[in-house]
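Trainee: This is data06.cif, which holds mmCIF, C-alpha atoms:
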data_model
loop_
_atom_site.label_atom_id
_atom_site.label_comp_id
_atom_site.auth_asym_id
_atom_site.auth_seq_id
_atom_site.Cartn_x
_atom_site.Cartn_y
_atom_site.Cartn_z
CA MET A 1 -11.70 70.82 244.99
CA HIS A 2 -13.96 73.58 246.32
CA GLY A 3 -16.98 72.81 244.14
CA PRO A 4 -18.88 75.35 242.13
CA ILE A 5 -18.63 79.09 242.72
CA TRP A 6 -21.98 80.62 243.58
CA ARG A 7 -22.86 84.22 242.98
CA LEU A 8 -25.92 86.39 243.55
CA ARG A 9 -28.20 86.87 240.59
CA GLN A 10 -27.16 90.05 238.81
CA ASN A 11 -30.52 91.43 237.80
CA ASP A 12 -33.88 92.20 239.44
CA LEU A 13 -32.33 91.90 242.87
CA GLU A 14 -31.77 94.79 245.26
CA TRP A 15 -30.49 94.60 248.80
CA ARG A 16 -29.54 96.87 251.63
CA VAL A 17 -27.03 96.36 254.43
CA ILE A 18 -28.41 97.45 257.80
CA GLU A 19 -25.56 97.01 260.27
CA ASP A 20 -25.29 93.22 260.54
CA GLU A 21 -28.57 92.50 258.77
CA ILE A 22 -29.51 92.55 255.11
CA VAL A 23 -32.91 93.28 253.59
CA LEU A 24 -33.54 92.33 250.00
CA VAL A 25 -36.24 92.35 247.39
CA ASP A 26 -36.46 90.00 244.45
CA LEU A 27 -38.22 91.94 241.72
CA ALA A 28 -38.85 88.78 239.74
CA SER A 29 -40.96 87.20 242.50
CA SER A 30 -41.83 90.36 244.47
CA GLU A 31 -40.54 88.62 247.59
CA TYR A 32 -38.89 90.44 250.45
CA MET A 33 -36.39 88.80 252.78
CA ALA A 34 -34.56 89.89 255.89
CA LEU A 35 -31.30 88.09 256.63
CA ASN A 36 -29.85 87.82 260.12
CA GLY A 37 -26.14 88.16 260.88
CA SER A 38 -25.05 84.69 259.74
CA ALA A 39 -27.09 84.78 256.54
CA ALA A 40 -25.97 88.35 255.82
CA LEU A 41 -22.33 87.28 256.19
CA LEU A 42 -22.77 84.58 253.56
CA TRP A 43 -24.84 86.88 251.33
CA LYS A 44 -22.04 89.45 251.20
CA ALA A 45 -19.56 86.71 250.26
CA LEU A 46 -21.96 85.50 247.57
CA ALA A 47 -22.10 89.02 246.14
CA GLU A 48 -18.44 88.55 245.22
CA GLY A 49 -18.83 84.88 244.37
CA SER A 50 -17.84 82.05 246.69
CA SER A 51 -17.73 78.27 246.98
CA GLU A 52 -19.59 76.30 249.65
CA MET A 53 -16.28 75.32 251.16
CA ASP A 54 -15.15 78.93 251.51
CA LEU A 55 -18.53 79.95 252.87
CA ALA A 56 -18.38 77.17 255.47
CA ARG A 57 -14.92 78.28 256.53
CA LEU A 58 -16.10 81.88 256.82
CA LEU A 59 -19.13 80.87 258.90
CA SER A 60 -17.05 78.61 261.12
CA GLU A 61 -14.39 81.26 261.78
CA THR A 62 -16.83 84.11 262.35
CA PHE A 63 -19.32 82.31 264.58
CA ASP A 64 -16.94 79.79 266.14
CA VAL A 65 -18.81 76.67 265.08
CA PRO A 66 -17.20 73.38 263.98
CA GLU A 67 -16.49 73.42 260.25
CA GLU A 68 -18.50 70.23 259.73
CA VAL A 69 -21.60 71.85 261.22
CA ALA A 70 -20.95 74.99 259.18
CA ARG A 71 -20.73 72.93 255.99
CA GLU A 72 -24.18 71.45 256.63
CA ASP A 73 -25.65 74.87 257.38
CA VAL A 74 -24.13 76.37 254.24
CA ALA A 75 -25.41 73.51 252.10
CA LEU A 76 -28.94 74.13 253.38
CA PHE A 77 -28.60 77.88 252.90
CA ILE A 78 -27.31 77.48 249.34
CA ALA A 79 -30.12 75.05 248.55
CA ALA A 80 -32.67 77.57 249.86
CA LEU A 81 -31.21 80.39 247.76
CA ARG A 82 -31.05 78.15 244.69
CA SER A 83 -34.69 77.17 245.09
CA LYS A 84 -35.54 80.87 245.03
CA ARG A 85 -33.21 81.44 242.05
CA LEU A 86 -31.35 84.11 243.99
CA ILE A 87 -27.94 82.65 243.15
CA SER A 88 -26.44 81.03 240.10
CA GLU A 89 -23.41 78.88 239.48
CA LEU A 90 -20.45 80.71 238.02
CA SER A 91 -18.11 77.81 237.20
CA ASP A 92 -16.46 74.72 238.65
CA ALA A 93 -13.36 75.58 240.61
CA MET B 1 -45.61 93.47 251.95
CA SER B 2 -44.60 90.34 253.86
CA ILE B 3 -40.99 89.70 254.74
CA GLN B 4 -39.45 86.25 254.99
CA ARG B 5 -36.93 85.94 257.80
CA CYS B 6 -33.83 83.99 257.08
CA GLY B 7 -30.82 82.78 259.06
CA ALA B 8 -27.97 80.62 257.86
CA MET B 9 -27.43 78.47 260.95
CA LYS B 10 -29.73 75.92 262.53
CA GLY B 11 -28.55 77.08 265.94
CA ASP B 12 -29.53 80.71 265.29
CA PRO B 13 -31.88 82.16 267.88
CA GLY B 14 -35.28 83.33 266.65
CA TYR B 15 -34.70 86.28 264.36
CA HIS B 16 -36.81 89.40 264.35
CA PRO B 17 -35.70 92.06 261.87
CA SER B 18 -34.71 95.33 263.50
CA ARG B 19 -36.74 98.51 263.02
CA SER B 20 -34.04 99.81 260.68
CA ALA B 21 -34.31 96.65 258.60
CA LEU B 22 -38.07 97.05 258.35
CA LEU B 23 -37.64 100.68 257.28
CA ALA B 24 -35.16 99.53 254.64
CA ALA B 25 -37.72 97.02 253.41
CA GLY B 26 -40.14 99.96 253.05
CA SER B 27 -37.53 101.80 250.97
CA LEU B 28 -37.09 98.76 248.74
CA SER B 29 -40.85 98.60 248.33
CA ALA B 30 -40.83 102.25 247.24
CA ASP B 31 -38.04 101.42 244.78
CA VAL B 32 -40.12 98.62 243.29
CA GLN B 33 -43.00 101.07 242.88
CA THR B 34 -40.69 103.68 241.30
CA ILE B 35 -39.29 101.16 238.82
CA THR B 36 -42.77 99.95 237.90
CA VAL B 37 -44.24 103.43 237.41
CA LEU B 38 -41.25 104.63 235.39
CA GLU B 39 -41.36 101.60 233.11
CA ILE B 40 -45.04 102.14 232.39
CA LEU B 41 -44.53 105.88 231.83
CA ARG B 42 -41.64 105.17 229.47
CA GLY B 43 -43.87 102.74 227.60
CA GLN B 44 -46.26 105.65 227.03
CA GLY B 45 -43.42 107.92 225.89
CA LEU B 46 -43.53 109.99 229.10
CA ASP B 47 -40.48 111.16 231.02
CA ALA B 48 -40.15 111.59 234.77
CA ILE B 49 -37.20 112.29 237.02
CA VAL B 50 -36.79 110.66 240.42
CA LEU B 51 -36.48 113.11 243.30
CA LYS B 52 -35.23 112.39 246.83
CA GLY B 53 -35.36 108.72 247.98
CA PRO B 54 -32.86 106.72 245.91
CA ALA B 55 -31.60 109.91 244.24
CA ILE B 56 -30.11 110.91 247.59
CA ALA B 57 -29.59 107.52 249.29
CA TYR B 58 -27.31 106.24 246.50
CA TRP B 59 -25.51 109.57 246.21
CA LEU B 60 -24.63 110.77 249.68
CA TYR B 61 -24.84 107.67 251.87
CA GLU B 62 -22.24 104.90 251.99
CA HIS B 63 -25.01 102.35 252.37
CA PRO B 64 -28.36 103.37 250.84
CA GLY B 65 -30.08 101.54 253.71
CA GLU B 66 -28.94 104.31 256.05
CA ARG B 67 -31.52 106.63 254.51
CA ALA B 68 -35.06 105.29 254.67
CA TYR B 69 -37.90 106.54 252.48
CA ALA B 70 -41.42 105.37 251.96
CA ASP B 71 -42.76 106.82 248.74
CA THR B 72 -41.91 107.80 245.20
CA ASP B 73 -41.28 111.42 244.22
CA LEU B 74 -41.29 112.21 240.52
CA LEU B 75 -40.64 115.49 238.75
CA VAL B 76 -42.70 115.60 235.57
CA GLU B 77 -42.87 118.02 232.69
CA PRO B 78 -45.72 120.47 233.43
CA ASP B 79 -47.22 119.99 229.97
CA ALA B 80 -47.28 116.22 230.44
CA LEU B 81 -48.82 116.28 233.92
CA SER B 82 -52.33 115.30 232.86
CA GLN B 83 -50.98 112.39 230.79
CA VAL B 84 -48.87 111.15 233.71
CA GLU B 85 -51.88 111.43 236.01
CA ALA B 86 -53.96 109.44 233.53
CA VAL B 87 -51.34 106.67 233.58
CA LEU B 88 -51.35 106.59 237.38
CA ARG B 89 -55.14 106.43 237.38
CA SER B 90 -55.02 103.50 234.95
CA MET B 91 -52.63 101.76 237.37
CA GLY B 92 -55.17 102.03 240.17
CA TYR B 93 -53.84 105.10 241.92
CA ARG B 94 -56.22 107.79 243.10
CA TYR B 95 -55.62 111.42 243.88
CA GLY B 96 -54.82 111.51 247.58
CA SER B 97 -54.78 115.12 248.62
CA ASP B 98 -55.78 114.31 252.21
CA ARG B 99 -52.27 112.98 252.78
CA VAL B 100 -50.65 116.39 252.60
CA GLU B 101 -53.29 118.64 254.04
CA ASN B 102 -52.13 121.11 256.67
CA GLN B 103 -48.55 120.97 255.41
CA GLY B 104 -48.53 124.51 254.13
CA ASP B 105 -48.40 125.93 250.64
CA LEU B 106 -47.54 123.01 248.38
CA PRO B 107 -48.74 123.98 244.93
CA GLU B 108 -46.20 121.91 243.06
CA LEU B 109 -46.90 118.60 244.79
CA LEU B 110 -49.69 116.28 243.66
CA PRO B 111 -50.03 113.15 245.77
CA TRP B 112 -51.39 109.90 244.32
CA VAL B 113 -52.03 106.83 246.43
CA LYS B 114 -52.80 103.16 245.93
CA GLY B 115 -53.38 101.38 249.23
CA THR B 116 -50.31 102.18 251.29
CA ASN B 117 -48.24 103.10 248.23
CA ALA B 118 -47.77 106.74 247.36
CA VAL B 119 -46.45 108.58 244.33
CA ASP B 120 -45.93 112.32 244.69
CA LEU B 121 -45.89 114.15 241.38
CA HIS B 122 -43.99 117.43 241.27
CA THR B 123 -44.09 119.96 238.46
CA ASN B 124 -41.54 122.12 240.23
CA LEU B 125 -39.39 122.06 243.34
CA LEU B 126 -40.78 123.76 246.41
CA GLY B 127 -38.91 127.00 246.97
CA ILE B 128 -38.52 127.80 243.28
CA GLN B 129 -40.41 130.97 242.46
CA SER B 130 -40.28 130.84 238.67
CA THR B 131 -43.09 129.04 236.89
CA PRO B 132 -42.91 125.26 236.37
CA GLU B 133 -42.70 125.90 232.62
CA HIS B 134 -39.65 128.13 233.13
CA ALA B 135 -38.01 125.81 235.67
CA TRP B 136 -38.55 122.44 233.95
CA PRO B 137 -36.00 122.74 231.10
CA ARG B 138 -33.39 123.99 233.55
CA LEU B 139 -34.07 121.30 236.15
CA ALA B 140 -34.39 118.51 233.60
CA ALA B 141 -31.17 119.41 231.77
CA ASP B 142 -28.36 116.83 231.82
CA PRO B 143 -30.12 114.22 233.95
CA GLU B 144 -27.99 111.52 235.55
CA GLU B 145 -28.84 107.97 236.59
CA VAL B 146 -28.78 105.74 239.63
CA VAL B 147 -28.96 101.98 239.23
CA VAL B 148 -31.43 100.16 241.46
CA ALA B 149 -31.98 96.43 241.05
CA GLY B 150 -30.14 96.66 237.74
CA LYS B 151 -32.59 99.30 236.47
CA LYS B 152 -31.46 102.79 235.54
CA LEU B 153 -33.50 105.50 237.26
CA PRO B 154 -33.16 109.07 235.94
CA VAL B 155 -32.27 111.67 238.57
CA LEU B 156 -31.55 115.40 238.41
CA SER B 157 -28.14 116.68 237.37
CA THR B 158 -25.68 117.11 240.23
CA PRO B 159 -26.18 120.92 240.47
CA ALA B 160 -29.97 120.52 240.48
CA ARG B 161 -29.85 117.76 243.09
CA THR B 162 -27.50 119.91 245.16
CA LEU B 163 -29.91 122.84 244.98
CA HIS B 164 -32.73 120.50 245.95
CA LEU B 165 -30.87 119.50 249.13
CA ALA B 166 -31.07 123.11 250.34
CA LEU B 167 -34.63 123.66 249.11
CA HIS B 168 -35.85 120.48 250.78
CA ALA B 169 -34.23 121.48 254.08
CA ALA B 170 -35.82 124.93 253.80
CA GLN B 171 -39.21 123.35 253.15
CA HIS B 172 -39.12 121.32 256.36
CA GLY B 173 -37.20 123.72 258.59
CA ALA B 174 -35.02 123.10 261.59
CA HIS B 175 -37.05 120.30 263.17
CA GLU B 176 -37.09 117.71 260.37
CA LEU B 177 -33.91 115.71 260.77
CA LYS B 178 -33.71 113.77 257.49
CA PRO B 179 -33.49 116.73 255.07
CA LEU B 180 -31.00 118.37 257.43
CA GLU B 181 -28.84 115.24 257.45
CA ASP B 182 -29.01 115.11 253.63
CA LEU B 183 -27.93 118.75 253.52
CA ARG B 184 -25.16 118.21 256.07
CA ARG B 185 -23.76 115.36 253.96
CA GLY B 186 -24.11 117.42 250.79
CA ILE B 187 -22.13 120.29 252.32
CA ALA B 188 -19.46 117.89 253.61
CA GLN B 189 -19.11 115.82 250.44
CA LEU B 190 -19.71 118.18 247.52
CA SER B 191 -17.19 120.69 246.21
CA THR B 192 -17.64 124.45 246.38
CA ASP B 193 -17.76 124.41 242.56
CA THR B 194 -20.77 122.10 242.71
CA TRP B 195 -22.48 124.38 245.23
CA GLN B 196 -21.61 127.35 243.05
CA ALA B 197 -23.28 125.63 240.10
CA ALA B 198 -26.31 124.99 242.32
CA ALA B 199 -26.38 128.69 243.30
CA SER B 200 -26.24 129.69 239.61
CA LEU B 201 -29.18 127.42 238.93
CA ALA B 202 -30.99 128.97 241.92
CA HIS B 203 -30.53 132.39 240.30
CA GLU B 204 -31.94 131.07 237.01
CA VAL B 205 -35.08 129.63 238.60
CA ASP B 206 -35.57 132.29 241.23
CA ALA B 207 -34.79 130.13 244.24
CA VAL B 208 -31.92 131.98 245.91
CA GLY B 209 -34.03 132.98 248.90
CA ALA B 210 -35.14 129.41 249.59
CA MET B 211 -31.63 128.07 249.00
CA LEU B 212 -30.33 130.53 251.55
CA SER B 213 -33.10 129.61 254.00
CA GLY B 214 -32.07 125.95 253.73
CA LEU B 215 -28.34 126.46 253.96
CA THR B 216 -28.50 128.70 256.99
CA LEU B 217 -30.28 126.04 259.01
CA LEU B 218 -26.81 124.57 259.60
CA PRO B 219 -23.69 126.40 260.86
CA GLU B 220 -21.60 124.91 258.04
CA GLY B 221 -24.33 125.97 255.60
CA ASN B 222 -24.09 129.51 256.91
CA ARG B 223 -20.36 129.52 256.12
CA LEU B 224 -21.02 128.05 252.68
CA ALA B 225 -23.73 130.63 251.96
CA SER B 226 -21.26 133.35 252.86
CA GLU B 227 -18.62 131.78 250.60
CA LEU B 228 -21.14 131.63 247.75
CA GLY B 229 -22.04 135.28 248.27
CA LEU B 230 -25.64 134.49 249.12
CA LEU B 231 -25.69 136.18 252.52
CA ALA B 232 -25.34 139.58 250.91
CA ARG B 233 -29.00 139.35 249.98
CA SER B 234 -31.77 140.51 252.24
CA ASN B 235 -32.59 138.00 254.91
CA VAL B 236 -36.26 138.82 255.29
CA ARG B 237 -37.24 135.45 253.86
CA LEU B 238 -34.83 133.79 256.25
CA GLU B 239 -36.45 135.47 259.24
CA LEU B 240 -39.87 134.46 257.96
CA ALA B 241 -38.86 130.85 257.34
CA ARG B 242 -37.29 130.56 260.79
CA ALA B 243 -40.45 131.93 262.38
CA GLY B 244 -42.59 129.36 260.54
CA THR B 245 -44.52 132.21 259.00
CA PRO B 246 -47.65 131.60 256.92
CA PRO B 247 -47.34 131.45 253.12
CA VAL B 248 -48.83 134.90 252.52
CA SER B 249 -45.89 136.58 254.31
CA LEU B 250 -43.42 134.60 252.22
CA ALA B 251 -45.36 135.51 249.10
CA ILE B 252 -45.02 139.21 249.99
CA ALA B 253 -41.25 138.72 250.42
CA ASP B 254 -41.14 136.97 247.04
CA LEU B 255 -43.12 139.79 245.49
CA VAL B 256 -40.77 142.44 246.83
CA ASP B 257 -37.76 140.45 245.58
CA ARG B 258 -39.00 140.70 242.02
CA GLN B 259 -37.18 143.40 240.13
CA THR B 260 -39.65 144.46 237.44
CA ARG B 261 -43.29 145.46 237.41
CA GLY B 262 -43.99 142.75 234.82
CA ARG B 263 -42.60 139.97 237.01
CA ARG B 264 -44.49 141.32 240.02
CA THR B 265 -47.75 141.38 238.08
CA GLU B 266 -47.17 137.85 236.80
CA PHE B 267 -46.47 136.69 240.37
CA VAL B 268 -49.62 138.30 241.80
CA MET B 269 -51.76 136.85 239.03
CA ARG B 270 -50.33 133.38 239.62
CA LYS B 271 -51.04 133.60 243.35
CA LEU B 272 -54.58 134.88 242.84
CA PHE B 273 -55.42 132.60 239.92
CA PRO B 274 -53.34 129.44 240.36
CA SER B 275 -53.45 126.35 238.17
CA ARG B 276 -56.29 123.86 238.24
CA SER B 277 -53.98 121.23 239.75
CA PHE B 278 -53.09 123.57 242.58
CA LEU B 279 -56.73 124.32 243.32
CA ILE B 280 -57.58 120.62 243.41
CA TRP B 281 -54.91 120.20 246.03
CA TRP B 282 -55.72 123.41 247.86
CA SER B 283 -59.47 123.26 248.21
CA PRO B 284 -61.93 120.35 248.56
CA LEU B 285 -64.42 122.53 246.66
CA ALA B 286 -62.32 122.25 243.51
CA ARG B 287 -62.75 118.49 243.55
CA LYS B 288 -66.52 118.80 243.11
CA GLY B 289 -66.94 119.40 239.41
CA ALA B 290 -66.93 122.56 237.32
CA PHE B 291 -69.15 124.54 239.71
CA GLY B 292 -66.96 123.55 242.64
CA MET B 293 -63.90 124.66 240.69
CA LEU B 294 -65.53 128.03 240.02
CA LEU B 295 -66.33 128.44 243.73
CA ALA B 296 -62.76 127.45 244.61
CA ARG B 297 -61.41 130.13 242.26
CA ILE B 298 -63.60 132.77 243.91
CA TRP B 299 -62.66 131.50 247.39
CA ARG B 300 -58.96 131.65 246.47
CA VAL B 301 -59.16 135.38 245.72
CA ILE B 302 -61.14 136.05 248.92
CA TRP B 303 -58.68 133.92 250.93
CA CYS B 304 -55.67 135.82 249.59
CA PHE B 305 -57.13 139.23 250.46
CA TRP B 306 -58.39 137.96 253.83
CA HIS B 307 -54.87 136.84 254.84
CA LEU B 308 -53.10 139.82 253.30
CA PRO B 309 -53.18 142.20 256.34
CA GLY B 310 -51.83 139.58 258.78
CA GLY B 311 -49.21 138.41 256.30
CA ALA B 312 -48.11 141.98 255.65
CA ARG B 313 -47.78 142.67 259.39
CA LYS B 314 -45.52 139.62 259.83
CA TRP B 315 -43.49 140.52 256.77
CA LEU B 316 -42.90 144.03 258.14
CA HIS B 317 -41.87 142.55 261.48
CA ALA B 318 -39.39 140.19 259.74
CA ARG B 319 -38.02 143.07 257.67
CA ARG B 320 -37.34 145.08 260.80
CA ALA B 321 -35.68 142.07 262.44
CA SER B 322 -33.46 141.27 259.46
#
Give the structure from the file, written as structure tokens.
Mentor:
Amino acid sequence: MHGPIWRLRQNDLEWRVIEDEIVLVDLASSEYMALNGSAALLWKALAEGSSEMDLARLLSETFDVPEEVAREDVALFIAALRSKRLISELSDA
Amino acid sequence: MSIQRCGAMKGDPGYHPSRSALLAAGSLSADVQTITVLEILRGQGLDAIVLKGPAIAYWLYEHPGERAYADTDLLVEPDALSQVEAVLRSMGYRYGSDRVENQGDLPELLPWVKGTNAVDLHTNLLGIQSTPEHAWPRLAADPEEVVVAGKKLPVLSTPARTLHLALHAAQHGAHELKPLEDLRRGIAQLSTDTWQAAASLAHEVDAVGAMLSGLTLLPEGNRLASELGLLARSNVRLELARAGTPPVSLAIADLVDRQTRGRRTEFVMRKLFPSRSFLIWWSPLARKGAFGMLLARIWRVIWCFWHLPGGARKWLHARRAS
């Protein structure tokens, strides 16, 4: 059970990859955000659609942090993106 | 524009976006402005075509963020210019001619500003010698689209955009890196057929000289110009452009390039008695009511004749050197 698949909102959202950073604008709220390396990594995965479990694994493997810590970080990150309506749930895996 | 900084890990060190990231945020801000202006223009039944910025970043760069831009450039139908300007005024923009002063002869560019946001209106592409009315239907034919934030933005056809790469490089010369990088990528990525189509368009709108000036700023452009048969033409304009020569010298070269007496007369009249929009850009006098406009028209004629001897001397020098 991997939980729901999250994906970036498909409209009114534009983002640019700048080496290991990402800059984005949400046209709906006129908010700009800059994402550092860890957040950009997850953002790119969310562009394709990903579960929290898979995101945690990706974060853990890339930044060499325990998977349990990564899971907590991902949960917080997902919650932050959801509160800004930047991602939506695709389906239950 | 404020930017929220975001990391995904509690243990992340303090994050300060890089300069490139901040420039990319500026480009996104320009995109938001472009989308907004286009939507309002469309609502009024007015068309505009996006030049440069996203039209190039999404075309020739793997990641659009590699090419930063800060403003919106729109090509508008010459007959609709006053309506488009009225829309911008209603949106809080003001005519901002100070922004482009001392940049040379820019009759086709009309800058509008709102705070730090800028929209440059173009009725023609710099380097095209035919009138905006003649050029518009050819430039606006078969427009394509780029998608930004899920919104479709109209851009020039591929041949017209390709021509613009060379004209833009020619406008800024050898010391402005961004147009040269755009041109370098265009030469590397686009087929000879595409460049041939751009050269045909250049012939139609009387822009072969400027296209050649742009291409020959790069060694690979020189080879391409030769392949396209452009180098067979006189290179007087090229010598002038390389020397950073004043507009009057280039105007003399343009005049000589014209084949018929009728076209030469039309050209001289247009230089001596340019459009109202040009005069507003060109002279502060023209921005001071009807009397100011009249004075600006008189001053334009005096200015042209005053600069004619020096311009002619430099043109003769370039002709000898070419």
Trainee: Env of region 78-91 of chain A: 12 Å cut, atoms = only C-alpha atoms, seq-sep filter 4 positions within chain, self excluded. Answer as a ChimeraX atom specification.
Mentor: /A:2-15,24-33,35,39,42-43,45-53,55-56,70-74 /B:4,6-9
Trainee: Based on the selection just made, write C-alpha atoms of those residues as a short mmCIF file (atom, residue, chain, number, x, y, z; two decimals), keeping the file's coordinate frame.
Mentor:
data_model
loop_
_atom_site.label_atom_id
_atom_site.label_comp_id
_atom_site.auth_asym_id
_atom_site.auth_seq_id
_atom_site.Cartn_x
_atom_site.Cartn_y
_atom_site.Cartn_z
CA HIS A 2 -13.96 73.58 246.32
CA GLY A 3 -16.98 72.81 244.14
CA PRO A 4 -18.88 75.35 242.13
CA ILE A 5 -18.63 79.09 242.72
CA TRP A 6 -21.98 80.62 243.58
CA ARG A 7 -22.86 84.22 242.98
CA LEU A 8 -25.92 86.39 243.55
CA ARG A 9 -28.20 86.87 240.59
CA GLN A 10 -27.16 90.05 238.81
CA ASN A 11 -30.52 91.43 237.80
CA ASP A 12 -33.88 92.20 239.44
CA LEU A 13 -32.33 91.90 242.87
CA GLU A 14 -31.77 94.79 245.26
CA TRP A 15 -30.49 94.60 248.80
CA LEU A 24 -33.54 92.33 250.00
CA VAL A 25 -36.24 92.35 247.39
CA ASP A 26 -36.46 90.00 244.45
CA LEU A 27 -38.22 91.94 241.72
CA ALA A 28 -38.85 88.78 239.74
CA SER A 29 -40.96 87.20 242.50
CA SER A 30 -41.83 90.36 244.47
CA GLU A 31 -40.54 88.62 247.59
CA TYR A 32 -38.89 90.44 250.45
CA MET A 33 -36.39 88.80 252.78
CA LEU A 35 -31.30 88.09 256.63
CA ALA A 39 -27.09 84.78 256.54
CA LEU A 42 -22.77 84.58 253.56
CA TRP A 43 -24.84 86.88 251.33
CA ALA A 45 -19.56 86.71 250.26
CA LEU A 46 -21.96 85.50 247.57
CA ALA A 47 -22.10 89.02 246.14
CA GLU A 48 -18.44 88.55 245.22
CA GLY A 49 -18.83 84.88 244.37
CA SER A 50 -17.84 82.05 246.69
CA SER A 51 -17.73 78.27 246.98
CA GLU A 52 -19.59 76.30 249.65
CA MET A 53 -16.28 75.32 251.16
CA LEU A 55 -18.53 79.95 252.87
CA ALA A 56 -18.38 77.17 255.47
CA ALA A 70 -20.95 74.99 259.18
CA ARG A 71 -20.73 72.93 255.99
CA GLU A 72 -24.18 71.45 256.63
CA ASP A 73 -25.65 74.87 257.38
CA VAL A 74 -24.13 76.37 254.24
CA GLN B 4 -39.45 86.25 254.99
CA CYS B 6 -33.83 83.99 257.08
CA GLY B 7 -30.82 82.78 259.06
CA ALA B 8 -27.97 80.62 257.86
CA MET B 9 -27.43 78.47 260.95
#
Trainee: Specify as a list in words all residues of chain B found within 7 Å of chain A, counting all atoms listed in the file.
Mentor: Ser2, Ile3, Gln4, Arg5, Cys6, Gly7, Ala8, Met9, Lys10, Tyr15, Pro17, Ser20, Ala21, Ala24, Ala25, Leu28, His63, Pro64, Gly65, Val148, Ala149 and Gly150 of chain B
Trainee: Please, what distance in Å, to one decimal, runs between CA of Gly310 (chain B) and CA of Met269 (chain B)?
Mentor: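 So the answer is 19.9 Å.
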Trainee: CA of Ala202 (chain B) and CA of Thr123 (chain B), how far apart in Å?
Mentor: 16.3 Å
Trainee: Could you jot down the CA of Pro179 (chain B) to CA of Pro219 (chain B) separation for me, Å, one decimal place?
Mentor: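 Atom-to-atom, CA of Pro179 (chain B) to CA of Pro219 (chain B), that is 14.9 Å.
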Trainee: Which residues are close to Trp195 (chain B), i.e. within 9 Å by only C-alpha atoms, leaving aside same-chain residues fewer than 4 positions away? Reply as a list in words.
Mentor: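 Residues near the query, excluding close chain neighbours: Pro159, Thr162, Leu163, Ile187, Leu190, Ser191, Ala199, Ser200, Leu224 and Leu228 of chain B.
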Trainee: Which residues come within 8 Å of Ala207 (chain B), counting only C-alpha atoms, excluding same-chain residues fewer than 2 positions away, as a list of chain:residue names?
Mentor: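 Skipping anything fewer than 2 positions along the chain leaves B:Gly127, B:Ile128, B:Gln129, B:Ser130, B:Ala202, B:His203, B:Glu204, B:Val205, B:Gly209, B:Ala210, B:Met211.
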Trainee: Can you pull out every residue within 6 Å of region 48-52 of chain B, counting all atoms listed in the file, but drop anything in the same chain fewer than 2 positions away, and send it as JSON, numbers by chain?
Mentor: {"B": [55, 56, 73, 74, 75, 76, 154, 155]}
Trainee: Using all atoms listed in the file, can you tell me which of B:Phe278, B:Arg258, B:Gln44, B:Arg19 comes closest to Leu121 (chain B)?
Mentor: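 Closest to Leu121 (chain B), using all atoms listed in the file: B:Phe278.
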Trainee: When you count all atoms listed in the file, which of these residues is closest to Ser275 (chain B): B:Val119, B:Leu212, B:Ala141, B:Leu81?
Mentor: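 The shortest atom-to-atom distance to Ser275 (chain B) comes from B:Leu81.
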